[in-house]
Amino acid sequence: MADQLDRAWELSEMHLREALAHCRPLQGESRTHCLECDAPIPEGRRKAAPGCQYCVQCAAELGG
Ligand SMILES: [Zn+2]
């Protein structure tokens, strides 16, 4: 059971990193809300990807 949880967590981490990789910094200024769907962008994501304009979901869709 613990292994499955670890794996699920690993996958979501991987997904997040993939999404972050697609996030292109524009002006070094992050938005607090997604440009596409207006969802709030977590502070952790804004710090991890300065200049981020989209939430994780939109970044993944736009990037992939
Ligand atoms: Zn979005």
# chains A, B, ... in the order shown; residues from 1 in each chain; ligands from 1
call {"tool": "residues_near_ligand", "arguments": {"ligand": "ligand 1", "cutoff": "7 Å", "atoms": "only C-alpha atoms and all ligand atoms", "output": "list in words"}}
result
Cys34, Leu35, Glu36, Cys37, Asp38, Ala39, Tyr54, Cys55, Val56, Gln57 and Cys58 of chain A
call {"tool": "residues_around", "arguments": {"residues": "A:Arg46", "least_positions_apart": "4", "cutoff": "9 Å", "atoms": "only C-alpha atoms", "output": "ChimeraX atom specification"}}
result
/A:29-32,41-42,50-53
call {"tool": "atom_distance", "arguments": {"atom1": "atom CA of A:Arg17", "atom2": "atom CA of A:Ala60"}}
result
9.8 Å
call {"tool": "atom_distance", "arguments": {"atom1": "atom CA of A:Ala59", "atom2": "atom CA of A:Leu5"}}
result
24.9 Å
call {"tool": "decode", "arguments": {"residues": "stretch 34-56 of chain A", "atoms": "C-alpha atoms", "output": "PDB file, in the first residue's frame"}}
result
ATOM      1  CA  CYS A  34      -3.735  31.457 -14.776  1.00  0.00           C
ATOM      2  CA  LEU A  35      -3.919  33.450 -17.988  1.00  0.00           C
ATOM      3  CA  GLU A  36      -6.018  30.730 -19.593  1.00  0.00           C
ATOM      4  CA  CYS A  37      -8.514  29.513 -16.997  1.00  0.00           C
ATOM      5  CA  ASP A  38      -8.041  32.077 -14.207  1.00  0.00           C
ATOM      6  CA  ALA A  39      -7.254  29.381 -11.669  1.00  0.00           C
ATOM      7  CA  PRO A  40      -5.027  30.535  -8.822  1.00  0.00           C
ATOM      8  CA  ILE A  41      -1.381  29.597  -9.328  1.00  0.00           C
ATOM      9  CA  PRO A  42       0.204  28.241  -6.141  1.00  0.00           C
ATOM     10  CA  GLU A  43       3.054  30.299  -4.732  1.00  0.00           C
ATOM     11  CA  GLY A  44       5.339  27.269  -4.893  1.00  0.00           C
ATOM     12  CA  ARG A  45       4.780  27.017  -8.629  1.00  0.00           C
ATOM     13  CA  ARG A  46       5.409  30.712  -9.152  1.00  0.00           C
ATOM     14  CA  LYS A  47       8.690  30.395  -7.293  1.00  0.00           C
ATOM     15  CA  ALA A  48       9.673  27.238  -9.131  1.00  0.00           C
ATOM     16  CA  ALA A  49       8.879  28.806 -12.497  1.00  0.00           C
ATOM     17  CA  PRO A  50       9.416  32.570 -12.447  1.00  0.00           C
ATOM     18  CA  GLY A  51       7.416  34.254 -15.170  1.00  0.00           C
ATOM     19  CA  CYS A  52       4.849  31.502 -15.177  1.00  0.00           C
ATOM     20  CA  GLN A  53       1.573  32.568 -16.785  1.00  0.00           C
ATOM     21  CA  TYR A  54      -0.446  29.363 -16.548  1.00  0.00           C
ATOM     22  CA  CYS A  55      -1.576  26.852 -13.952  1.00  0.00           C
ATOM     23  CA  VAL A  56      -0.117  23.362 -14.025  1.00  0.00           C
TER      24      VAL A  56
END
